[in-house]
$ cat upload-v1.txt   # compact mmCIF, C-alpha atoms
# COMPACT_ATOMS: atom_id res chain seq x y z
CA MET A 1 120.61 141.23 6.68
CA PRO A 2 124.31 141.61 5.82
CA ILE A 3 126.31 140.05 3.01
CA LEU A 4 129.97 139.09 3.44
CA ARG A 5 131.97 139.71 0.27
CA ASN A 6 135.55 139.42 -0.91
CA ILE A 7 135.96 135.97 0.65
CA GLY A 8 139.20 134.51 -0.68
CA LEU A 9 138.01 130.93 -0.18
CA LEU A 10 134.80 129.63 1.37
CA ALA A 11 134.76 126.01 2.57
CA ARG A 12 131.17 124.78 2.61
CA CYS A 13 131.90 121.34 4.17
CA LEU A 14 128.71 119.76 2.86
CA PRO A 15 127.63 116.35 4.18
CA ALA A 16 128.07 114.74 0.77
CA GLY A 17 131.32 113.35 -0.53
CA PRO A 18 134.39 111.84 1.09
CA GLN A 19 135.94 113.14 4.30
CA GLY A 20 138.48 115.28 2.42
CA GLU A 21 135.89 117.04 0.23
CA ILE A 22 135.20 120.49 1.71
CA HIS A 23 133.38 121.93 -1.35
CA PRO A 24 135.41 125.14 -1.71
CA ILE A 25 134.18 128.26 -3.48
CA PRO A 26 136.93 130.74 -4.42
CA ARG A 27 136.17 134.48 -4.41
CA ALA A 28 132.85 133.88 -2.67
CA ALA A 29 130.05 135.78 -0.95
CA LEU A 30 127.67 134.81 1.85
CA ALA A 31 124.32 136.42 2.69
CA TRP A 32 122.23 135.82 5.80
CA ASN A 33 119.15 137.20 7.49
CA GLU A 34 117.37 136.46 10.80
CA GLY A 35 120.10 134.01 11.72
CA VAL A 36 119.73 131.89 8.60
CA ILE A 37 121.93 131.60 5.50
CA ARG A 38 119.99 132.88 2.49
CA TRP A 39 122.53 132.61 -0.32
CA ILE A 40 126.09 131.38 -0.97
CA GLY A 41 128.06 131.53 -4.18
CA SER A 42 130.64 133.30 -6.28
CA ASP A 43 130.98 137.01 -5.52
CA ARG A 44 130.35 137.83 -9.17
CA ASP A 45 127.02 135.93 -9.14
CA ILE A 46 125.27 137.72 -6.26
CA PRO A 47 121.53 137.85 -7.07
CA SER A 48 120.07 141.31 -7.50
CA GLU A 49 117.90 141.02 -4.38
CA TYR A 50 121.01 140.88 -2.18
CA ARG A 51 123.16 143.51 -3.88
CA ASP A 52 121.81 146.39 -1.77
CA TRP A 53 122.26 144.61 1.55
CA PRO A 54 124.83 146.05 4.01
CA THR A 55 128.25 144.70 3.07
CA ASP A 56 131.18 143.36 5.09
CA ASP A 57 134.57 142.87 3.45
CA ALA A 58 136.32 139.57 4.29
CA GLY A 59 139.62 140.95 3.03
CA GLY A 60 140.33 137.91 0.89
CA ARG A 61 140.40 135.60 3.94
CA LEU A 62 139.18 132.05 4.48
CA VAL A 63 135.61 131.45 5.68
CA ILE A 64 134.64 128.14 7.29
CA PRO A 65 131.55 126.80 9.06
CA GLY A 66 131.53 127.57 12.77
CA LEU A 67 133.66 124.95 14.50
CA VAL A 68 131.88 122.23 16.50
CA ASP A 69 133.63 120.82 19.57
CA SER A 70 131.79 117.53 19.92
CA HIS A 71 133.47 116.26 23.12
CA THR A 72 134.19 118.38 26.19
CA HIS A 73 133.92 118.02 29.97
CA LEU A 74 133.14 121.71 30.41
CA ALA A 75 132.09 121.98 34.06
CA PHE A 76 134.71 120.97 36.60
CA GLY A 77 136.41 122.32 39.70
CA GLY A 78 140.16 122.66 40.14
CA TRP A 79 143.03 121.52 37.94
CA ARG A 80 145.54 118.63 38.04
CA ALA A 81 148.85 120.12 36.90
CA ASP A 82 150.79 118.02 39.40
CA GLU A 83 149.52 114.86 37.70
CA PHE A 84 150.94 116.18 34.42
CA GLU A 85 154.39 116.20 36.01
CA GLN A 86 153.84 112.77 37.55
CA ARG A 87 153.09 111.29 34.13
CA LEU A 88 156.20 112.94 32.72
CA ARG A 89 158.18 111.18 35.46
CA GLY A 90 156.77 107.81 34.42
CA ARG A 91 153.61 107.22 36.48
CA THR A 92 150.72 105.90 34.46
CA TYR A 93 147.19 107.28 34.28
CA LEU A 94 145.88 104.22 36.16
CA GLU A 95 148.57 104.43 38.85
CA ILE A 96 147.69 108.06 39.54
CA ALA A 97 143.98 107.26 39.68
CA THR A 98 144.54 104.34 42.06
CA ALA A 99 146.50 106.63 44.37
CA GLY A 100 143.59 109.05 44.68
CA GLY A 101 144.10 111.22 41.61
CA GLY A 102 142.41 111.18 38.23
CA ILE A 103 138.67 111.50 37.77
CA GLY A 104 137.93 110.85 41.44
CA ARG A 105 140.03 113.81 42.48
CA THR A 106 138.20 116.13 40.08
CA VAL A 107 134.88 114.79 41.37
CA ALA A 108 135.84 115.90 44.88
CA GLN A 109 137.03 119.31 43.63
CA THR A 110 133.86 119.81 41.58
CA ARG A 111 131.54 118.89 44.42
CA ALA A 112 133.35 121.45 46.61
CA THR A 113 132.99 124.25 44.03
CA PRO A 114 129.92 126.51 44.41
CA THR A 115 127.51 126.61 41.49
CA ARG A 116 128.13 130.29 40.86
CA GLU A 117 131.85 129.63 40.48
CA LEU A 118 131.28 126.69 38.14
CA VAL A 119 128.99 128.82 35.99
CA GLY A 120 131.60 131.59 35.84
CA ARG A 121 134.32 129.14 34.84
CA CYS A 122 132.16 127.67 32.08
CA ARG A 123 131.28 131.13 30.75
CA GLY A 124 134.96 132.03 30.65
CA PHE A 125 135.86 128.87 28.77
CA LEU A 126 133.02 129.37 26.28
CA THR A 127 134.07 132.98 25.63
CA GLU A 128 137.60 131.88 24.82
CA MET A 129 136.31 129.07 22.62
CA ALA A 130 134.15 131.54 20.69
CA ARG A 131 137.24 133.63 19.98
CA LEU A 132 138.75 130.56 18.32
CA GLY A 133 135.74 130.17 16.01
CA VAL A 134 133.89 127.52 18.03
CA THR A 135 130.14 128.11 17.75
CA THR A 136 128.77 124.77 19.04
CA VAL A 137 129.95 122.85 22.12
CA GLU A 138 128.98 119.45 23.50
CA ALA A 139 129.30 119.46 27.31
CA LYS A 140 129.36 116.35 29.50
CA SER A 141 128.58 115.87 33.15
CA GLY A 142 130.60 113.17 34.90
CA TYR A 143 132.34 115.03 37.71
CA GLY A 144 129.36 114.76 40.05
CA LEU A 145 128.73 111.00 40.27
CA SER A 146 125.71 111.34 42.53
CA VAL A 147 122.10 112.12 41.75
CA GLU A 148 122.28 115.68 43.08
CA GLU A 149 125.69 116.55 41.65
CA GLU A 150 125.11 115.11 38.18
CA LEU A 151 121.83 117.01 37.93
CA ARG A 152 123.54 120.16 39.22
CA ILE A 153 126.08 120.05 36.39
CA LEU A 154 123.38 119.43 33.78
CA GLU A 155 121.33 122.31 35.22
CA ILE A 156 124.37 124.56 34.82
CA TYR A 157 124.48 123.61 31.13
CA ARG A 158 120.76 124.32 30.84
CA ASP A 159 121.24 127.77 32.32
CA LEU A 160 124.16 128.46 29.97
CA SER A 161 122.28 127.31 26.87
CA GLY A 162 120.87 130.76 26.17
CA GLY A 163 124.34 132.17 25.53
CA SER A 164 126.17 132.89 22.31
CA GLN A 165 126.98 129.30 21.39
CA ARG A 166 124.86 126.21 21.09
CA LEU A 167 125.44 123.93 24.06
CA VAL A 168 124.60 120.23 23.75
CA PRO A 169 124.36 118.48 27.16
CA THR A 170 125.43 114.87 27.66
CA LEU A 171 124.88 112.78 30.78
CA LEU A 172 128.11 110.99 31.77
CA ALA A 173 127.16 109.68 35.20
CA ALA A 174 128.97 106.48 34.12
CA HIS A 175 132.39 108.15 34.10
CA THR A 176 133.92 106.04 36.87
CA ILE A 177 132.74 104.21 39.97
CA PRO A 178 132.68 106.72 42.86
CA THR A 179 134.85 105.95 45.87
CA GLN A 180 131.93 105.21 48.19
CA PHE A 181 130.62 102.52 45.80
CA ARG A 182 133.91 100.71 45.12
CA ALA A 183 132.93 97.84 47.43
CA ASN A 184 129.62 97.35 45.65
CA ARG A 185 129.70 98.75 42.15
CA ASP A 186 126.34 97.13 41.31
CA ASP A 187 124.64 99.64 43.60
CA TYR A 188 126.09 102.55 41.64
CA VAL A 189 125.15 101.06 38.28
CA ARG A 190 121.63 100.61 39.63
CA LEU A 191 121.60 104.22 40.87
CA VAL A 192 122.56 105.47 37.41
CA ILE A 193 119.94 103.31 35.69
CA GLU A 194 117.06 103.78 38.11
CA GLU A 195 117.53 107.37 39.32
CA ILE A 196 120.06 109.52 37.49
CA VAL A 197 119.11 108.62 33.91
CA PRO A 198 115.33 108.96 34.44
CA ARG A 199 115.63 112.27 36.29
CA ALA A 200 118.01 113.78 33.73
CA ALA A 201 115.72 112.73 30.90
CA ARG A 202 112.51 113.77 32.67
CA GLY A 203 113.94 117.23 33.28
CA GLY A 204 115.07 117.61 29.67
CA LEU A 205 118.60 118.13 30.96
CA ALA A 206 120.48 115.88 28.52
CA ARG A 207 120.30 114.77 24.90
CA PHE A 208 122.81 111.92 25.15
CA CYS A 209 123.81 109.24 27.62
CA ASP A 210 127.54 108.43 27.65
CA VAL A 211 129.52 105.61 29.30
CA PHE A 212 133.26 105.16 29.80
CA VAL A 213 133.77 101.51 28.85
CA GLU A 214 137.24 100.59 30.06
CA GLU A 215 139.01 98.22 32.44
CA SER A 216 139.28 100.99 35.03
CA ALA A 217 135.71 102.22 34.55
CA PHE A 218 132.66 100.22 33.33
CA THR A 219 132.36 96.78 31.79
CA LEU A 220 130.66 96.03 28.50
CA ALA A 221 127.70 94.54 30.34
CA GLU A 222 127.37 97.57 32.59
CA GLY A 223 127.72 99.93 29.65
CA ARG A 224 125.08 98.04 27.69
CA ALA A 225 122.63 98.23 30.60
CA ILE A 226 123.21 101.95 31.21
CA LEU A 227 122.94 102.88 27.55
CA GLY A 228 119.80 100.75 27.29
CA ALA A 229 118.28 102.73 30.15
CA GLY A 230 119.23 105.94 28.37
CA LEU A 231 117.56 104.78 25.16
CA ALA A 232 114.44 103.82 27.09
CA HIS A 233 114.25 107.42 28.33
CA GLY A 234 114.98 109.05 24.97
CA LEU A 235 118.72 109.69 25.40
CA ARG A 236 120.91 108.72 22.42
CA PRO A 237 123.98 106.63 23.27
CA LYS A 238 127.60 107.75 23.17
CA ILE A 239 130.63 105.77 24.35
CA HIS A 240 134.13 106.53 25.58
CA ALA A 241 135.54 103.50 23.78
CA ASP A 242 138.85 101.62 23.56
CA GLN A 243 140.97 104.45 24.95
CA LEU A 244 143.44 102.53 27.11
CA SER A 245 142.82 99.01 25.78
CA ASP A 246 140.68 97.16 23.26
CA GLY A 247 137.69 96.61 25.49
CA GLY A 248 135.08 96.12 22.77
CA GLY A 249 133.63 99.60 23.13
CA ALA A 250 133.50 100.23 19.39
CA ALA A 251 131.49 97.06 18.81
CA LEU A 252 129.11 98.04 21.63
CA ALA A 253 128.68 101.47 20.03
CA ALA A 254 127.62 99.77 16.81
CA GLU A 255 125.34 97.35 18.65
CA VAL A 256 123.36 100.09 20.42
CA GLY A 257 123.36 102.53 17.48
CA ALA A 258 125.48 105.13 19.24
CA ALA A 259 125.84 108.56 17.69
CA SER A 260 129.57 108.31 18.29
CA ALA A 261 132.38 106.28 19.78
CA ASP A 262 135.10 108.55 21.16
CA HIS A 263 138.86 108.04 21.74
CA LEU A 264 139.41 104.66 19.96
CA GLU A 265 143.20 104.62 20.34
CA TYR A 266 143.07 100.82 20.72
CA VAL A 267 140.11 100.06 18.47
CA SER A 268 140.25 96.72 16.66
CA GLU A 269 139.69 96.07 12.97
CA SER A 270 136.46 94.29 13.80
CA GLY A 271 135.36 97.27 15.87
CA ILE A 272 136.06 99.64 12.98
CA GLY A 273 134.09 97.39 10.64
CA ALA A 274 131.13 97.27 13.02
CA MET A 275 131.10 101.05 13.33
CA ALA A 276 131.21 101.46 9.54
CA ARG A 277 128.24 99.15 9.07
CA ALA A 278 126.24 100.89 11.82
CA GLY A 279 127.07 104.46 10.75
CA VAL A 280 128.75 105.40 14.04
CA VAL A 281 130.96 108.50 14.01
CA ALA A 282 134.47 108.08 15.40
CA VAL A 283 135.51 111.07 17.52
CA SER A 284 139.26 111.66 17.61
CA LEU A 285 140.70 113.40 20.69
CA PRO A 286 144.34 114.27 19.89
CA PHE A 287 144.97 116.23 23.10
CA ALA A 288 144.39 113.07 25.16
CA THR A 289 146.81 111.22 22.91
CA LEU A 290 149.39 113.96 23.39
CA TYR A 291 149.07 114.39 27.15
CA LEU A 292 148.90 110.68 27.96
CA GLY A 293 151.69 109.74 25.55
CA ALA A 294 149.32 107.23 23.97
CA ARG A 295 149.35 105.83 20.50
CA PRO A 296 147.24 107.89 18.07
CA MET A 297 143.74 106.91 17.11
CA PRO A 298 143.99 105.11 13.70
CA ALA A 299 142.14 107.78 11.76
CA ARG A 300 143.40 106.62 8.35
CA ARG A 301 142.14 103.08 8.92
CA CYS A 302 138.76 104.44 10.04
CA ILE A 303 138.38 106.75 7.05
CA GLU A 304 139.44 104.05 4.59
CA ALA A 305 136.90 101.67 6.15
CA GLY A 306 134.10 104.22 5.71
CA VAL A 307 133.90 105.52 9.28
CA PRO A 308 133.59 109.33 9.43
CA VAL A 309 136.10 110.86 11.85
CA ALA A 310 135.26 113.92 13.94
CA VAL A 311 137.94 115.92 15.76
CA ALA A 312 137.34 117.39 19.23
CA THR A 313 139.31 118.61 22.25
CA ASP A 314 138.14 116.34 25.11
CA PHE A 315 138.67 119.47 27.25
CA ASN A 316 139.08 118.31 30.86
CA PRO A 317 141.48 119.02 33.75
CA GLY A 318 143.35 115.72 33.56
CA SER A 319 144.11 114.22 30.16
CA ALA A 320 143.24 117.13 27.86
CA PRO A 321 143.52 120.50 29.66
CA SER A 322 142.95 122.68 26.59
CA TYR A 323 139.88 123.98 24.77
CA HIS A 324 141.98 125.12 21.76
CA LEU A 325 140.21 123.19 18.99
CA PRO A 326 142.39 124.58 16.15
CA VAL A 327 145.51 123.20 17.89
CA ALA A 328 143.74 119.84 18.31
CA MET A 329 143.02 119.99 14.59
CA THR A 330 146.70 120.51 13.78
CA LEU A 331 147.54 117.58 16.07
CA ALA A 332 145.05 115.43 14.16
CA CYS A 333 147.10 116.21 11.06
CA THR A 334 150.50 115.49 12.60
CA LEU A 335 149.64 112.60 14.95
CA GLN A 336 146.93 110.87 12.93
CA ARG A 337 148.05 111.70 9.38
CA MET A 338 144.75 113.32 8.47
CA THR A 339 144.85 116.01 5.78
CA PRO A 340 143.83 119.56 6.71
CA ALA A 341 140.68 119.21 4.62
CA GLU A 342 139.74 115.95 6.37
CA VAL A 343 140.32 117.60 9.73
CA LEU A 344 138.20 120.64 8.86
CA LYS A 345 135.31 118.45 7.82
CA GLY A 346 135.87 116.47 11.01
CA ALA A 347 135.51 119.59 13.16
CA THR A 348 132.43 120.87 11.33
CA ILE A 349 129.79 118.71 9.62
CA ILE A 350 131.03 115.35 10.93
CA ALA A 351 131.32 116.75 14.46
CA ALA A 352 127.78 118.11 14.09
CA ARG A 353 126.62 114.62 13.11
CA ALA A 354 128.30 113.21 16.24
CA ILE A 355 126.00 115.37 18.39
CA GLY A 356 122.86 115.13 16.25
CA LEU A 357 122.92 118.68 14.87
CA GLU A 358 123.93 118.04 11.26
CA GLU A 359 120.62 119.47 10.01
CA GLU A 360 121.30 122.82 11.73
CA VAL A 361 125.04 123.48 11.80
CA GLY A 362 128.39 122.21 10.58
CA SER A 363 128.15 123.23 6.93
CA LEU A 364 127.44 126.42 5.00
CA GLU A 365 124.18 125.78 3.18
CA GLU A 366 121.13 127.88 2.39
CA GLY A 367 118.53 127.36 5.11
CA LYS A 368 121.03 126.39 7.79
CA SER A 369 122.04 128.51 10.75
CA ALA A 370 124.43 131.35 9.91
CA ASP A 371 127.31 129.95 11.97
CA PHE A 372 130.71 130.69 10.47
CA ALA A 373 134.22 131.87 11.23
CA LEU A 374 136.52 134.21 9.34
CA ILE A 375 140.10 132.89 9.40
CA ASP A 376 143.20 134.94 8.63
CA ALA A 377 144.60 132.48 6.09
CA ASP A 378 144.27 131.92 2.38
CA SER A 379 143.64 128.16 2.62
CA VAL A 380 142.80 125.44 5.11
CA GLU A 381 146.30 124.04 4.64
CA GLN A 382 147.96 127.37 5.48
CA TRP A 383 145.76 127.81 8.55
CA LEU A 384 146.47 124.42 10.14
CA TYR A 385 150.13 124.33 9.08
CA HIS A 386 151.05 127.79 10.40
CA LEU A 387 150.31 127.34 14.10
CA ARG A 388 149.38 130.67 15.70
CA PRO A 389 147.77 131.70 18.99
CA ASN A 390 144.56 132.42 17.09
CA ALA A 391 143.91 132.99 13.39
CA CYS A 392 140.16 133.60 13.84
CA VAL A 393 139.27 137.25 13.32
CA LYS A 394 135.51 136.90 13.61
CA ALA A 395 132.98 134.29 14.74
CA VAL A 396 129.26 134.42 13.97
CA ALA A 397 126.55 132.19 15.49
CA ARG A 398 122.88 132.34 14.53
CA GLY A 399 123.77 135.36 12.39
CA ARG A 400 125.18 137.35 15.32
CA GLU A 401 128.82 138.22 15.90
CA ILE A 402 129.94 136.44 19.07
CA ALA A 403 133.69 137.19 18.91
CA SER A 404 136.09 139.33 16.93
CA GLY A 405 139.76 140.10 16.83
CA PRO A 406 142.17 142.43 15.05
CA GLY A 407 141.29 142.84 11.40
CA SER A 408 137.67 141.87 11.82
CA PRO A 409 135.29 143.43 9.28
CA SER A 410 132.75 145.72 10.92
CA GLN A 411 129.05 145.42 10.31

$ encode --input "upload-v1.txt" --output "structure tokens"
Amino acid sequence: MPILRNIGLLARCLPAGPQGEIHPIPRAALAWNEGVIRWIGSDRDIPSEYRDWPTDDAGGRLVIPGLVDSHTHLAFGGWRADEFEQRLRGRTYLEIATAGGGIGRTVAQTRATPTRELVGRCRGFLTEMARLGVTTVEAKSGYGLSVEEELRILEIYRDLSGGSQRLVPTLLAAHTIPTQFRANRDDYVRLVIEEIVPRAARGGLARFCDVFVEESAFTLAEGRAILGAGLAHGLRPKIHADQLSDGGGAALAAEVGAASADHLEYVSESGIGAMARAGVVAVSLPFATLYLGARPMPARRCIEAGVPVAVATDFNPGSAPSYHLPVAMTLACTLQRMTPAEVLKGATIIAARAIGLEEEVGSLEEGKSADFALIDADSVEQWLYHLRPNACVKAVARGREIASGPGSPSQ
């Protein structure tokens, strides 16, 4: 039952208020016990019942809620660095995929990777993410694209769920049409609807069902049918929407009550309006914008229309080969013209809402999980402006230290 004192600035990031309101408390203190926050406030106002608790000194640093990466493709085999160079030389994402690269290539590499190796890779990624202050991670399947392989990836996430961070599994069997089904895509859609979705749901292996709605992936009609099957089996919808073209994915997300629509680089005004009315979270993925040389997601238009914008990495071996969420947050500032405060809220409470965990994590409130990060900066603006390898000196999840660096206060 420790209490963290001498916090220079504590950003609570409460659900209430506009996107840029992070509810700061200067010169703050934070007390927790049994993994739950018991009290937050000004250091000078600590109640008497907490004054004798063991004390950590934050050294005047910034404290934020534990970061939430609400869109990753965590389990995959191999890398695709050669495709990075090909894009730099002018080949498009679709050209590379048509020639045997892209998602299909990673599917083959993942299928060929033993489970033990995939587990080890995921653990390594999660450890590095914890060091950056990331305490909750959404993890998609989608590199299996068969009944056995999709379930294998989701089972890996299940087995990893007892680790330091919260892991939220999402079924993305509708990532692309596998090579063996290209001649009859209806058979694969039927396989997803009739076998993969029911088995993933029956085994409690996923919380969400995701679909990549795009010209090179799944049509609106196919996406609607797959997400409907997910809903019928208790899986909330998510959509990879309007990434490479305006394919109507945002409107479909609103229609089916999706928790989030992700990417949205080419979202239309009508799509933004539909999402605002339906309460769908927009998930911005700046690394994909950067690596694909795409136009940025119109975050300002979304925010002004009343659509909350989350910020995530899209960590995957092709279009976003980095799990460094703080760098993605800086990119959201520079590419999308979001303020640092808007970005912080987008990587905490709004990201938590995008994965259905806003009642547990994403903000610093009494009764919520004691998930927070100690950042070596005196403000959110200084942190995201001064790009460093890692400014996080300590990460705590469920009240337990899961990562620390130089300058971390000892308990």

$ closest_residue --input "upload-v1.txt" --among "A:Val147, A:Ala201, A:Ala278, A:Pro317" --to "A:Thr106" --atoms "all atoms listed in the file"
A:Pro317

$ closest_residue --input "upload-v1.txt" --among "A:Ser48, A:Ser146, A:Ser42, A:Ser363" --to "A:Ile7" --atoms "all atoms listed in the file"
A:Ser42

$ closest_atom_pairs --input "upload-v1.txt" --of "stretch 225-304 of chain A" --to "stretch 62-81 of chain A" --cutoff "10 Å" --atoms "only C-alpha atoms" --output "CSV"
residue,atom,partner,partner_atom,distance
A:Ser260,CA,A:Ser70,CA,9.6
A:Asp262,CA,A:His71,CA,8.1
A:His263,CA,A:His71,CA,9.9
A:Val283,CA,A:Ser70,CA,7.8
A:Ser284,CA,A:His71,CA,9.2
A:Leu285,CA,A:His71,CA,8.1

$ closest_residue --input "upload-v1.txt" --among "A:Ala377, A:Ala397, A:Ala108, A:Ala130" --to "A:Glu360" --atoms "all atoms listed in the file"
A:Ala397

$ residues_around --input "upload-v1.txt" --residues "A:Tyr143" --least-positions-apart "2" --cutoff "10 Å" --atoms "all atoms listed in the file" --output "NGL selection string"
:A and (73-77 or 103-111 or 140-141 or 145-146 or 149-150 or 153 or 172-176 or 178)

$ residues_around --input "upload-v1.txt" --residues "A:Gly248" --least-positions-apart "5" --cutoff "10 Å" --atoms "only C-alpha atoms" --output "list in words"
Val213, Glu214, Thr219, Leu220, Ala241, Asp242, Ala253, Leu264, Tyr266, Val267, Ser268, Ser270 and Gly271 of chain A

$ closest_residue --input "upload-v1.txt" --among "A:Thr127, A:Thr92, A:Thr113, A:Thr348" --to "A:Arg12" --atoms "all atoms listed in the file"
A:Thr348

$ atom_distance --input "upload-v1.txt" --atom1 "atom CA of A:Asp371" --atom2 "atom CA of A:Asn316"
25.1 Å

$ atom_distance --input "upload-v1.txt" --atom1 "atom CA of A:Glu128" --atom2 "atom CA of A:Gly59"
23.7 Å

$ residues_around --input "upload-v1.txt" --residues "stretch 334-346 of chain A" --least-positions-apart "5" --cutoff "7 Å" --atoms "only C-alpha atoms" --output "ChimeraX atom specification"
/A:13,19-22,296-300,309-311,329,351,380-381,384

$ build_atoms --input "upload-v1.txt" --residues "stretch 362-385 of chain A" --atoms "N, CA and C atoms" --output "compact mmCIF listing (two decimals), in the coordinates of the input"
# COMPACT_ATOMS: atom_id res chain seq x y z
N GLY A 362 127.30 123.05 11.05
CA GLY A 362 128.39 122.21 10.58
C GLY A 362 128.75 122.38 9.12
N SER A 363 127.87 122.97 8.35
CA SER A 363 128.15 123.23 6.93
C SER A 363 127.49 124.56 6.55
N LEU A 364 128.00 125.16 5.49
CA LEU A 364 127.44 126.42 5.00
C LEU A 364 126.51 126.11 3.84
N GLU A 365 125.22 126.11 4.15
CA GLU A 365 124.18 125.78 3.18
C GLU A 365 123.00 126.72 3.38
N GLU A 366 122.33 127.05 2.30
CA GLU A 366 121.13 127.88 2.39
C GLU A 366 120.09 127.17 3.25
N GLY A 367 119.53 127.90 4.21
CA GLY A 367 118.53 127.36 5.11
C GLY A 367 119.09 126.90 6.44
N LYS A 368 120.41 126.77 6.53
CA LYS A 368 121.03 126.39 7.79
C LYS A 368 121.37 127.64 8.61
N SER A 369 121.69 127.40 9.87
CA SER A 369 122.04 128.51 10.75
C SER A 369 123.28 129.23 10.23
N ALA A 370 123.28 130.54 10.35
CA ALA A 370 124.43 131.35 9.91
C ALA A 370 125.50 131.31 10.99
N ASP A 371 126.19 130.17 11.05
CA ASP A 371 127.31 129.95 11.97
C ASP A 371 128.57 129.83 11.13
N PHE A 372 129.49 130.77 11.26
CA PHE A 372 130.71 130.69 10.47
C PHE A 372 131.83 131.45 11.16
N ALA A 373 133.04 131.20 10.68
CA ALA A 373 134.22 131.87 11.23
C ALA A 373 135.08 132.39 10.10
N LEU A 374 135.62 133.56 10.30
CA LEU A 374 136.52 134.21 9.34
C LEU A 374 137.95 133.99 9.83
N ILE A 375 138.76 133.31 9.01
CA ILE A 375 140.10 132.89 9.40
C ILE A 375 141.14 133.66 8.60
N ASP A 376 142.15 134.17 9.29
CA ASP A 376 143.20 134.94 8.63
C ASP A 376 144.21 133.98 7.97
N ALA A 377 143.77 133.38 6.88
CA ALA A 377 144.60 132.48 6.09
C ALA A 377 144.00 132.41 4.70
N ASP A 378 144.81 131.99 3.74
CA ASP A 378 144.27 131.92 2.38
C ASP A 378 143.84 130.51 2.00
N SER A 379 144.07 129.54 2.89
CA SER A 379 143.64 128.16 2.62
C SER A 379 143.57 127.41 3.94
N VAL A 380 142.87 126.29 3.93
CA VAL A 380 142.80 125.44 5.11
C VAL A 380 144.19 124.90 5.45
N GLU A 381 144.95 124.57 4.43
CA GLU A 381 146.30 124.04 4.64
C GLU A 381 147.19 125.07 5.33
N GLN A 382 147.14 126.32 4.88
CA GLN A 382 147.96 127.37 5.48
C GLN A 382 147.55 127.60 6.94
N TRP A 383 146.27 127.57 7.20
CA TRP A 383 145.76 127.81 8.55
C TRP A 383 146.27 126.75 9.53
N LEU A 384 146.11 125.47 9.20
CA LEU A 384 146.47 124.42 10.14
C LEU A 384 147.97 124.13 10.16
N TYR A 385 148.68 124.52 9.12
CA TYR A 385 150.13 124.33 9.08
C TYR A 385 150.86 125.42 9.87
